[in-house]
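Okay, coords-v2.pdb now, which holds PDB, C-alpha atoms and all ligand atoms:
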```
ATOM      1  CA  MET A1209      33.848   5.207 -23.532
ATOM      2  CA  ALA A1210      30.072   5.198 -23.635
ATOM      3  CA  LYS A1211      28.211   8.006 -21.925
ATOM      4  CA  LYS A1212      26.605   7.073 -18.625
ATOM      5  CA  ILE A1213      23.221   7.678 -17.020
ATOM      6  CA  GLY A1214      21.873   6.636 -13.626
ATOM      7  CA  ILE A1215      18.430   5.459 -12.635
ATOM      8  CA  LEU A1216      16.881   5.440  -9.177
ATOM      9  CA  THR A1217      13.540   4.815  -7.491
ATOM     10  CA  SER A1218      12.575   7.112  -4.638
ATOM     11  CA  GLY A1219       9.693   7.555  -2.165
ATOM     12  CA  GLY A1220       7.001   4.897  -1.727
ATOM     13  CA  ASP A1221       7.380   1.942  -4.085
ATOM     14  CA  ALA A1222       4.746   1.351  -6.761
ATOM     15  CA  PRO A1223       4.013  -1.634  -9.012
ATOM     16  CA  GLY A1224       5.511  -0.871 -12.415
ATOM     17  CA  MET A1225       8.723   0.708 -11.141
ATOM     18  CA  ASN A1226      10.635  -2.373 -12.292
ATOM     19  CA  ALA A1227       9.088  -2.041 -15.742
ATOM     20  CA  VAL A1228      10.424   1.540 -15.875
ATOM     21  CA  ILE A1229      13.903   0.369 -14.838
ATOM     22  CA  ARG A1230      13.801  -2.205 -17.636
ATOM     23  CA  ALA A1231      12.638   0.286 -20.270
ATOM     24  CA  VAL A1232      15.181   2.940 -19.274
ATOM     25  CA  THR A1233      18.049   0.444 -19.159
ATOM     26  CA  ARG A1234      17.290  -1.156 -22.490
ATOM     27  CA  SER A1235      16.574   2.068 -24.386
ATOM     28  CA  ALA A1236      19.667   3.727 -22.935
ATOM     29  CA  ILE A1237      21.894   0.773 -23.897
ATOM     30  CA  ARG A1238      20.425   0.891 -27.386
ATOM     31  CA  LYS A1239      21.532   4.508 -27.623
ATOM     32  CA  GLY A1240      25.058   3.592 -26.534
ATOM     33  CA  PHE A1241      24.827   4.623 -22.876
ATOM     34  CA  GLN A1242      26.126   2.742 -19.879
ATOM     35  CA  VAL A1243      23.457   2.521 -17.162
ATOM     36  CA  MET A1244      24.016   2.624 -13.411
ATOM     37  CA  GLY A1245      21.259   1.432 -11.080
ATOM     38  CA  ILE A1246      21.455   3.649  -7.996
ATOM     39  CA  LYS A1247      20.244   1.941  -4.834
ATOM     40  CA  ARG A1248      17.780   3.213  -2.228
ATOM     41  CA  GLY A1249      16.863   6.436  -3.979
ATOM     42  CA  TYR A1250      18.993   9.530  -3.474
ATOM     43  CA  ASN A1251      20.813   7.771  -0.593
ATOM     44  CA  GLY A1252      22.625   5.669  -3.186
ATOM     45  CA  LEU A1253      23.682   8.796  -5.009
ATOM     46  CA  ILE A1254      25.050  10.325  -1.807
ATOM     47  CA  ASN A1255      26.855   7.117  -0.753
ATOM     48  CA  GLY A1256      27.937   5.955  -4.209
ATOM     49  CA  ASP A1257      25.887   2.746  -3.834
ATOM     50  CA  MET A1258      25.190   1.599  -7.380
ATOM     51  CA  ILE A1259      25.531  -1.290  -9.810
ATOM     52  CA  GLU A1260      25.918  -1.368 -13.545
ATOM     53  CA  LEU A1261      22.789  -2.621 -15.314
ATOM     54  CA  ASN A1262      22.823  -4.463 -18.602
ATOM     55  CA  GLN A1263      20.090  -6.017 -20.747
ATOM     56  CA  ARG A1264      20.134  -9.213 -18.673
ATOM     57  CA  SER A1265      20.111  -7.565 -15.242
ATOM     58  CA  VAL A1266      16.646  -6.207 -16.070
ATOM     59  CA  SER A1267      15.321  -9.535 -17.426
ATOM     60  CA  ASP A1268      12.396 -11.120 -15.598
ATOM     61  CA  ILE A1269      11.395  -7.967 -13.683
ATOM     62  CA  ILE A1270       8.632  -6.456 -15.858
ATOM     63  CA  GLN A1271       6.031  -8.554 -14.016
ATOM     64  CA  ARG A1272       7.345  -7.931 -10.508
ATOM     65  CA  GLY A1273       6.015  -5.427  -7.973
ATOM     66  CA  GLY A1274       8.365  -3.424  -5.759
ATOM     67  CA  THR A1275      11.663  -2.138  -7.099
ATOM     68  CA  MET A1276      14.846  -4.110  -7.711
ATOM     69  CA  LEU A1277      16.810  -0.942  -6.873
ATOM     70  CA  TYR A1278      15.141  -0.569  -3.448
ATOM     71  CA  THR A1279      13.703   2.798  -2.473
ATOM     72  CA  ALA A1280      13.855   5.304   0.363
ATOM     73  CA  ARG A1281      12.988   8.837   1.330
ATOM     74  CA  CYS A1282      16.265  10.721   1.784
ATOM     75  CA  LYS A1283      16.360  13.690   4.199
ATOM     76  CA  GLU A1284      20.028  14.448   3.551
ATOM     77  CA  PHE A1285      19.297  15.174  -0.099
ATOM     78  CA  ARG A1286      17.075  18.122   0.885
ATOM     79  CA  TYR A1287      20.088  20.140   2.036
ATOM     80  CA  GLU A1288      23.093  21.573   0.208
ATOM     81  CA  PRO A1289      25.783  19.234   1.638
ATOM     82  CA  GLY A1290      23.755  16.178   0.549
ATOM     83  CA  LEU A1291      23.192  17.640  -2.909
ATOM     84  CA  GLN A1292      26.877  18.411  -3.296
ATOM     85  CA  LYS A1293      27.817  14.836  -2.278
ATOM     86  CA  ALA A1294      25.358  13.484  -4.845
ATOM     87  CA  LYS A1295      26.752  15.789  -7.534
ATOM     88  CA  GLN A1296      30.300  14.657  -6.678
ATOM     89  CA  THR A1297      29.248  10.978  -6.938
ATOM     90  CA  CYS A1298      27.926  11.703 -10.422
ATOM     91  CA  ILE A1299      31.139  13.469 -11.439
ATOM     92  CA  ASP A1300      33.364  10.732  -9.934
ATOM     93  CA  ASN A1301      31.388   8.000 -11.745
ATOM     94  CA  GLY A1302      30.972   9.872 -15.033
ATOM     95  CA  ILE A1303      27.172   9.960 -14.661
ATOM     96  CA  GLU A1304      25.805  12.644 -16.972
ATOM     97  CA  GLY A1305      22.084  12.310 -16.344
ATOM     98  CA  ILE A1306      19.628  10.732 -13.928
ATOM     99  CA  VAL A1307      16.154   9.236 -14.295
ATOM    100  CA  ALA A1308      14.328   9.494 -10.956
ATOM    101  CA  ILE A1309      11.090   7.548 -10.508
ATOM    102  CA  GLY A1310       8.891   8.699  -7.648
ATOM    103  CA  GLY A1311       6.536  11.419  -6.471
ATOM    104  CA  ASP A1312       6.673  15.168  -5.855
ATOM    105  CA  GLY A1313       9.447  14.860  -3.234
ATOM    106  CA  SER A1314      11.598  12.956  -5.713
ATOM    107  CA  PHE A1315      10.979  15.622  -8.366
ATOM    108  CA  ARG A1316      12.041  18.409  -6.015
ATOM    109  CA  GLY A1317      15.315  16.508  -5.578
ATOM    110  CA  ALA A1318      15.600  16.059  -9.349
ATOM    111  CA  ALA A1319      15.096  19.818  -9.879
ATOM    112  CA  ASP A1320      17.740  20.640  -7.251
ATOM    113  CA  LEU A1321      20.285  18.314  -8.827
ATOM    114  CA  SER A1322      19.469  19.592 -12.338
ATOM    115  CA  ALA A1323      20.104  23.137 -11.059
ATOM    116  CA  ARG A1324      23.573  21.947  -9.948
ATOM    117  CA  GLY A1325      24.501  20.747 -13.408
ATOM    118  CA  ILE A1326      23.328  17.108 -13.512
ATOM    119  CA  PRO A1327      20.317  16.856 -15.857
ATOM    120  CA  CYS A1328      17.523  14.824 -14.238
ATOM    121  CA  VAL A1329      14.240  13.575 -15.636
ATOM    122  CA  GLY A1330      11.415  12.555 -13.267
ATOM    123  CA  ILE A1331       8.946   9.764 -13.954
ATOM    124  CA  PRO A1332       5.750   9.744 -11.863
ATOM    125  CA  GLY A1333       5.646   6.537  -9.830
ATOM    126  CA  THR A1334       3.153   6.422  -6.986
ATOM    127  CA  ILE A1335      -0.040   4.510  -6.351
ATOM    128  CA  ASP A1336      -1.768   7.730  -5.222
ATOM    129  CA  ASN A1337      -2.023   9.368  -8.688
ATOM    130  CA  ASP A1338      -1.480  12.629  -6.816
ATOM    131  CA  ILE A1339       1.019  14.225  -9.205
ATOM    132  CA  ASP A1340      -0.656  17.206 -10.737
ATOM    133  CA  CYS A1341       1.207  17.499 -14.039
ATOM    134  CA  THR A1342       0.075  14.066 -15.201
ATOM    135  CA  GLU A1343      -3.230  12.298 -15.610
ATOM    136  CA  TYR A1344      -1.565   9.033 -14.693
ATOM    137  CA  THR A1345       1.127   7.761 -12.325
ATOM    138  CA  ILE A1346       2.815   4.347 -12.455
ATOM    139  CA  GLY A1347       1.277   1.948  -9.937
ATOM    140  CA  TYR A1348      -2.129   3.600  -9.694
ATOM    141  CA  ASP A1349      -3.999   1.064 -11.827
ATOM    142  CA  THR A1350      -2.488  -1.925 -10.030
ATOM    143  CA  ALA A1351      -3.271  -0.444  -6.619
ATOM    144  CA  MET A1352      -6.890   0.205  -7.609
ATOM    145  CA  ASN A1353      -7.296  -3.316  -8.934
ATOM    146  CA  THR A1354      -5.844  -4.719  -5.701
ATOM    147  CA  ALA A1355      -8.220  -2.563  -3.650
ATOM    148  CA  VAL A1356     -11.181  -3.659  -5.780
ATOM    149  CA  GLU A1357     -10.286  -7.335  -5.386
ATOM    150  CA  LEU A1358     -10.098  -6.944  -1.613
ATOM    151  CA  VAL A1359     -13.290  -4.912  -1.280
ATOM    152  CA  ASP A1360     -15.121  -7.527  -3.378
ATOM    153  CA  LYS A1361     -14.050 -10.112  -0.796
ATOM    154  CA  LEU A1362     -15.248  -7.882   2.027
ATOM    155  CA  ARG A1363     -18.572  -7.519   0.243
ATOM    156  CA  ASP A1364     -19.044 -11.307   0.301
ATOM    157  CA  THR A1365     -18.818 -11.390   4.069
ATOM    158  CA  ALA A1366     -20.751  -8.124   4.551
ATOM    159  CA  GLN A1367     -23.562  -9.562   2.419
ATOM    160  CA  SER A1368     -23.622 -12.862   4.333
ATOM    161  CA  HIS A1369     -23.890 -11.103   7.701
ATOM    162  CA  ASP A1370     -26.118  -8.152   6.682
ATOM    163  CA  ARG A1371     -23.313  -5.827   7.703
ATOM    164  CA  CYS A1372     -21.713  -2.555   6.682
ATOM    165  CA  SER A1373     -18.060  -2.757   5.715
ATOM    166  CA  VAL A1374     -16.166   0.499   6.136
ATOM    167  CA  VAL A1375     -12.957   0.252   4.117
ATOM    168  CA  GLU A1376     -10.040   2.667   4.271
ATOM    169  CA  VAL A1377      -7.923   2.842   1.118
ATOM    170  CA  MET A1378      -4.548   4.529   0.556
ATOM    171  CA  GLY A1379      -3.924   7.768  -1.266
ATOM    172  CA  ARG A1380      -2.326  10.029   1.328
ATOM    173  CA  ASN A1381      -4.410  13.212   0.900
ATOM    174  CA  ALA A1382      -5.715  12.321  -2.560
ATOM    175  CA  GLY A1383      -9.037  10.587  -3.104
ATOM    176  CA  TYR A1384      -8.445   9.043  -6.543
ATOM    177  CA  ILE A1385      -8.052   5.456  -5.307
ATOM    178  CA  ALA A1386     -11.086   5.924  -3.047
ATOM    179  CA  LEU A1387     -13.279   7.362  -5.803
ATOM    180  CA  ASN A1388     -12.507   4.730  -8.431
ATOM    181  CA  THR A1389     -12.511   1.808  -6.014
ATOM    182  CA  GLY A1390     -15.812   3.078  -4.632
ATOM    183  CA  ILE A1391     -17.439   3.164  -8.055
ATOM    184  CA  ALA A1392     -15.996  -0.166  -9.142
ATOM    185  CA  CYS A1393     -17.170  -1.868  -5.944
ATOM    186  CA  GLY A1394     -20.622  -0.303  -5.889
ATOM    187  CA  ALA A1395     -19.976   1.476  -2.601
ATOM    188  CA  THR A1396     -22.973   3.168  -1.018
ATOM    189  CA  TYR A1397     -20.848   6.083   0.122
ATOM    190  CA  ILE A1398     -17.355   7.419  -0.657
ATOM    191  CA  ILE A1399     -15.530   9.825   1.633
ATOM    192  CA  THR A1400     -12.524  11.769   0.313
ATOM    193  CA  ASN A1401     -10.620  14.924   1.231
ATOM    194  CA  GLU A1402     -11.644  16.700  -1.938
ATOM    195  CA  MET A1403     -15.418  16.613  -1.357
ATOM    196  CA  PRO A1404     -17.471  17.716   1.656
ATOM    197  CA  TYR A1405     -19.252  14.970   3.568
ATOM    198  CA  SER A1406     -21.214  14.552   6.771
ATOM    199  CA  ILE A1407     -21.885  11.550   8.962
ATOM    200  CA  ASP A1408     -25.556  12.626   9.086
ATOM    201  CA  ASP A1409     -25.760  12.417   5.303
ATOM    202  CA  LEU A1410     -24.105   8.981   5.324
ATOM    203  CA  ILE A1411     -26.496   7.692   8.009
ATOM    204  CA  ALA A1412     -29.506   9.131   6.119
ATOM    205  CA  LYS A1413     -28.382   7.332   2.954
ATOM    206  CA  ILE A1414     -28.018   3.993   4.749
ATOM    207  CA  ASN A1415     -31.443   4.436   6.392
ATOM    208  CA  ASP A1416     -33.036   5.292   3.026
ATOM    209  CA  CYS A1417     -31.470   2.196   1.484
ATOM    210  CA  LEU A1418     -32.673   0.007   4.370
ATOM    211  CA  LYS A1419     -36.246   1.088   3.525
ATOM    212  CA  THR A1420     -35.820  -0.248  -0.025
ATOM    213  CA  GLY A1421     -34.645  -3.642   1.244
ATOM    214  CA  LYS A1422     -30.885  -3.189   0.977
ATOM    215  CA  HIS A1423     -29.171  -4.896   3.886
ATOM    216  CA  HIS A1424     -25.437  -4.795   3.329
ATOM    217  CA  PHE A1425     -23.280  -1.776   2.632
ATOM    218  CA  ILE A1426     -19.804  -0.746   1.557
ATOM    219  CA  VAL A1427     -18.418   2.617   2.635
ATOM    220  CA  ILE A1428     -15.031   3.655   1.206
ATOM    221  CA  VAL A1429     -12.948   6.095   3.208
ATOM    222  CA  SER A1430      -9.834   7.748   1.872
ATOM    223  CA  GLU A1431      -6.691   7.520   4.015
ATOM    224  CA  GLY A1432      -6.491  11.312   4.325
ATOM    225  CA  ILE A1433      -9.836  11.295   6.173
ATOM    226  CA  GLY A1434      -9.068   8.220   8.296
ATOM    227  CA  GLY A1435     -11.176   7.333  11.342
ATOM    228  CA  SER A1436     -12.758   4.274   9.735
ATOM    229  CA  GLU A1437     -13.224   2.567  13.144
ATOM    230  CA  GLU A1438     -15.126   5.595  14.476
ATOM    231  CA  ILE A1439     -17.220   5.826  11.316
ATOM    232  CA  ALA A1440     -18.127   2.133  11.615
ATOM    233  CA  LYS A1441     -19.085   2.575  15.291
ATOM    234  CA  GLU A1442     -21.261   5.580  14.457
ATOM    235  CA  ILE A1443     -23.054   3.655  11.681
ATOM    236  CA  GLU A1444     -23.698   0.757  14.038
ATOM    237  CA  LYS A1445     -24.958   3.093  16.782
ATOM    238  CA  ARG A1446     -27.327   5.042  14.552
ATOM    239  CA  THR A1447     -28.654   2.315  12.247
ATOM    240  CA  SER A1448     -29.648  -1.285  12.821
ATOM    241  CA  ILE A1449     -26.575  -2.415  10.859
ATOM    242  CA  GLU A1450     -23.607  -4.198  12.422
ATOM    243  CA  SER A1451     -20.450  -2.585  11.056
ATOM    244  CA  ARG A1452     -16.783  -3.489  10.697
ATOM    245  CA  ALA A1453     -13.810  -1.366   9.669
ATOM    246  CA  THR A1454     -10.912  -2.596   7.542
ATOM    247  CA  ILE A1455      -7.775  -0.647   6.680
ATOM    248  CA  LEU A1456      -6.334  -2.121   3.477
ATOM    249  CA  GLY A1457      -2.905  -0.555   4.018
ATOM    250  CA  HIS A1458       0.344  -1.490   2.308
ATOM    251  CA  VAL A1459      -1.048  -4.537   0.525
ATOM    252  CA  GLN A1460      -2.168  -1.937  -2.054
ATOM    253  CA  ARG A1461       1.464  -1.141  -2.837
ATOM    254  CA  GLY A1462       2.487  -4.657  -3.813
ATOM    255  CA  GLY A1463       1.745  -7.185  -6.496
ATOM    256  CA  SER A1464       2.346  -7.751 -10.159
ATOM    257  CA  PRO A1465       1.686  -4.594 -12.230
ATOM    258  CA  THR A1466      -1.341  -4.510 -14.522
ATOM    259  CA  VAL A1467      -1.076  -4.170 -18.300
ATOM    260  CA  ARG A1468      -1.779  -0.455 -18.011
ATOM    261  CA  ASP A1469       1.077   0.047 -15.566
ATOM    262  CA  ARG A1470       3.536  -2.044 -17.571
ATOM    263  CA  VAL A1471       2.737  -0.218 -20.818
ATOM    264  CA  ALA A1472       2.794   3.263 -19.255
ATOM    265  CA  ALA A1473       6.064   2.408 -17.492
ATOM    266  CA  SER A1474       7.619   1.267 -20.754
ATOM    267  CA  GLU A1475       6.485   4.382 -22.632
ATOM    268  CA  MET A1476       7.592   6.797 -19.930
ATOM    269  CA  GLY A1477      10.954   5.089 -19.448
ATOM    270  CA  TYR A1478      11.680   5.176 -23.165
ATOM    271  CA  TYR A1479      10.683   8.858 -23.414
ATOM    272  CA  ALA A1480      12.887   9.828 -20.433
ATOM    273  CA  VAL A1481      15.932   8.375 -22.183
ATOM    274  CA  GLU A1482      15.034  10.270 -25.375
ATOM    275  CA  LEU A1483      15.213  13.522 -23.381
ATOM    276  CA  LEU A1484      18.456  12.711 -21.556
ATOM    277  CA  SER A1485      20.109  11.586 -24.791
ATOM    278  CA  LYS A1486      19.487  15.117 -26.110
ATOM    279  CA  GLY A1487      20.978  16.598 -22.926
ATOM    280  CA  ILE A1488      17.543  17.763 -21.737
ATOM    281  CA  GLY A1489      16.987  17.662 -17.971
ATOM    282  CA  ASN A1490      14.831  19.325 -15.324
ATOM    283  CA  ARG A1491      11.691  17.745 -16.839
ATOM    284  CA  VAL A1492       8.931  15.488 -15.515
ATOM    285  CA  ILE A1493       7.279  12.964 -17.774
ATOM    286  CA  GLY A1494       3.504  12.856 -17.714
ATOM    287  CA  MET A1495       0.466  11.512 -19.543
ATOM    288  CA  LYS A1496      -2.101  13.756 -21.173
ATOM    289  CA  ASP A1497      -4.965  12.293 -23.209
ATOM    290  CA  ASN A1498      -3.066   8.980 -23.108
ATOM    291  CA  LYS A1499       0.000  10.534 -24.757
ATOM    292  CA  VAL A1500       3.384  10.900 -23.096
ATOM    293  CA  ILE A1501       4.394  14.515 -22.468
ATOM    294  CA  ASP A1502       7.146  16.307 -20.566
ATOM    295  CA  VAL A1503       6.879  19.355 -18.339
ATOM    296  CA  ASP A1504       9.400  21.659 -16.633
ATOM    297  CA  ILE A1505       9.799  20.367 -13.055
ATOM    298  CA  GLN A1506       9.150  23.737 -11.382
ATOM    299  CA  GLU A1507       6.015  24.223 -13.498
ATOM    300  CA  ALA A1508       4.960  20.657 -12.725
ATOM    301  CA  LEU A1509       5.232  21.250  -8.978
ATOM    302  CA  LYS A1510       3.007  24.337  -9.250
ATOM    303  CA  MET A1511       0.204  22.630 -11.220
ATOM    304  CA  ARG A1512      -3.080  21.558  -9.613
ATOM    305  CA  LYS A1513      -5.223  18.861 -11.183
ATOM    306  CA  PRO A1514      -8.958  19.009 -10.623
ATOM    307  CA  PHE A1515     -10.794  16.231  -8.798
ATOM    308  CA  ASP A1516     -13.463  14.586 -10.925
ATOM    309  CA  GLU A1517     -16.525  15.930  -9.136
ATOM    310  CA  ASP A1518     -18.888  14.624 -11.836
ATOM    311  CA  LEU A1519     -17.642  11.085 -11.303
ATOM    312  CA  PHE A1520     -18.009  11.534  -7.557
ATOM    313  CA  LYS A1521     -21.601  12.717  -8.024
ATOM    314  CA  LEU A1522     -22.352   9.863 -10.409
ATOM    315  CA  ALA A1523     -20.984   7.328  -7.899
ATOM    316  CA  HIS A1524     -23.441   8.526  -5.263
ATOM    317  CA  GLU A1525     -26.386   8.750  -7.644
ATOM    318  CA  ILE A1526     -26.206   5.095  -8.654
ATOM    319  CA  SER A1527     -25.473   3.643  -5.250
ATOM    320  CA  PHE A1528     -28.777   3.369  -3.418
TER     321      PHE A1528
HETATM  322  O1  LIG D1601       2.493   7.548  -1.494
HETATM  323  C1  LIG D1601       2.153   6.212  -1.442
HETATM  324  C2  LIG D1601       1.653   5.846  -0.064
HETATM  325  O2  LIG D1601       1.366   4.471  -0.026
HETATM  326  C3  LIG D1601       0.462   6.646   0.424
HETATM  327  O3  LIG D1601      -0.755   6.174  -0.113
HETATM  328  C4  LIG D1601       0.587   6.489   1.908
HETATM  329  O4  LIG D1601       0.017   7.606   2.560
HETATM  330  C5  LIG D1601       2.079   6.454   2.120
HETATM  331  O5  LIG D1601       2.658   6.105   0.889
HETATM  332  C6  LIG D1601       2.527   5.496   3.170
HETATM  333  O6  LIG D1601       3.893   5.652   3.347
HETATM  334  P1  LIG D1601       4.821   4.623   4.144
HETATM  335  O7  LIG D1601       5.122   3.485   3.245
HETATM  336  O8  LIG D1601       6.019   5.424   4.477
HETATM  337  O9  LIG D1601       4.045   4.181   5.338
END
```
As structure tokens, how would this structure be written, given the file I've shared?
Amino acid sequence: MAKKIGILTSGGDAPGMNAVIRAVTRSAIRKGFQVMGIKRGYNGLINGDMIELNQRSVSDIIQRGGTMLYTARCKEFRYEPGLQKAKQTCIDNGIEGIVAIGGDGSFRGAADLSARGIPCVGIPGTIDNDIDCTEYTIGYDTAMNTAVELVDKLRDTAQSHDRCSVVEVMGRNAGYIALNTGIACGATYIITNEMPYSIDDLIAKINDCLKTGKHHFIVIVSEGIGGSEEIAKEIEKRTSIESRATILGHVQRGGSPTVRDRVAASEMGYYAVELLSKGIGNRVIGMKDNKVIDVDIQEALKMRKPFDEDLFKLAHEISF
């Protein structure tokens, strides 16, 4: 009887999760494992909701957004009874290792289950890129490209009407999507949690630009700051510029993954199986200098990655 591993997606979905499922399934089968696709994150592990995956069940998914295994945030898994149920499901089904794709919350769960004897490997999958042990998370590139495409469209109408478009992008409390979208879209001003900002400074910048003949503006606001409607109203009140706010929202989570996401997903999925096949668990996969690495989950959760202040400065220096 072949050895068995499980794979699940947990937390917010991210484009590229399907590509991870494909890579994990195919590399595990190649190594002689049976693969179980666990549905709706850790809920599926608690309830025993899973299907066997073979080479063909992961055909035609590499290009699809979302996750074929569904996803959820599972409160029950945070407490001992939930963890014990999940462990029992693994024992009952002969599952000897788990690949969990998600964010920090999913990794905490993976560490807890590893500590109870089921080796788990985490793969960073979130559009926010807010996982500190890795330079890159699956879904981030696709989400940024979606945001850029949408802000470009908003620029067309802002330009036609001589308006200011205030655009809120996702990222929870992290400003990576905001920073990169802001640069790529030539935003006049970018507001994120990581860097101080003031409305007075924003208004002064718009007024300075008006003097040089600029008459339409893009302001990018990170979700963690919020208040894009209020910011737009304030701009309109204090400058001569009509302003509109747009919250891009969940559209940033969908869509076909970019090349970068598909390749990173394939590399990370393959690497996760390498670890589990050696019986190694309690690790998170990451990217450092474009190379796949693995880190102890507890260490990973303690790490803090610096915000790119130089890029933030650069963005504001060339946007006037
Ligand atoms: O973590 C991904 C993310 O899309 C964040 O950017 C956002 O804050 C959050 O998830 C939204 O969560 P939900 O889908 O539960 O509304």
7 Å contact set for range 1209-1224 of chain A, all atoms listed in the file, chain neighbours under 3 positions out, as a ChimeraX atom specification: /A:1227-1228,1240-1250,1273-1275,1277-1281,1302-1311,1314,1333-1335,1346-1347,1350,1461-1465,1469-1470,1473
Which of A:Ile1331, A:Leu1253, A:Val1356, A:Ala1386 sits closest to ligand LIG 1601 (chain D) [using only C-alpha atoms and all ligand atoms]: A:Ala1386
Nearest candidate to Glu1260 in chain A (options A:Lys1283, A:Thr1396, A:Gln1296, A:Thr1233; using only C-alpha atoms): A:Thr1233
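Interatomic distance, CA of Leu1261 in chain A to CA of Ile1493 in chain A: 22.1 Å.
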Counting all atoms listed in the file, which residues of range 1365-1468 of chain A sit at most 12 Å from some atom of range 1495-1514 of chain A, and what is each one's closest atom pair with its distance in Å to one decimal, listed by chain and rising residue number, as CSV?
```
residue,atom,partner,partner_atom,distance
A:Ala1382,CA,A:Lys1513,CA,10.8
A:Gly1383,CA,A:Pro1514,CA,11.3
A:Tyr1384,CA,A:Pro1514,CA,10.8
A:Glu1402,CA,A:Pro1514,CA,9.4
A:Met1403,CA,A:Pro1514,CA,11.5
A:Arg1468,CA,A:Asn1498,CA,10.8
```
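Shortest atom-to-atom contact with Val1232 in chain A among A:Ala1412, A:Val1266, A:Leu1519, A:Met1258: A:Val1266, counting only C-alpha atoms.
Atom pair CA of Glu1288 in chain A / CA of Gly1317 in chain A: separated by 10.9 Å.
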Distance criterion (only C-alpha atoms and all ligand atoms): nearest to ligand LIG 1601 (chain D) out of A:Asp1370, A:Glu1438, A:Glu1357, A:Glu1431: A:Glu1431
Hits of the PyMOL selection byres (((chain A and resi 1400) around 12) and not hetatm) in this structure, as a ChimeraX atom specification: /A:1376-1390,1397-1399,1401-1406,1427-1435,1515-1517,1520
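Rounded to one decimal, CA of Thr1447 in chain A and CA of Asn1415 in chain A lie 6.8 Å from each other.
Candidate residues A:Ile1526, A:Leu1483, A:Ala1366, A:Met1225 were compared for distance to Tyr1348 in chain A, and the nearest is A:Met1225, using all atoms listed in the file.
Shortest atom-to-atom contact with ligand LIG 1601 (chain D) among A:Ile1229, A:Cys1298, A:Leu1456, A:Ala1392: A:Leu1456, counting all atoms listed in the file.
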Spatial neighbours of Gly1489 in chain A, max dist 7 Å, all atoms listed in the file, sep filter under 2 positions, as a count of residues only: 7
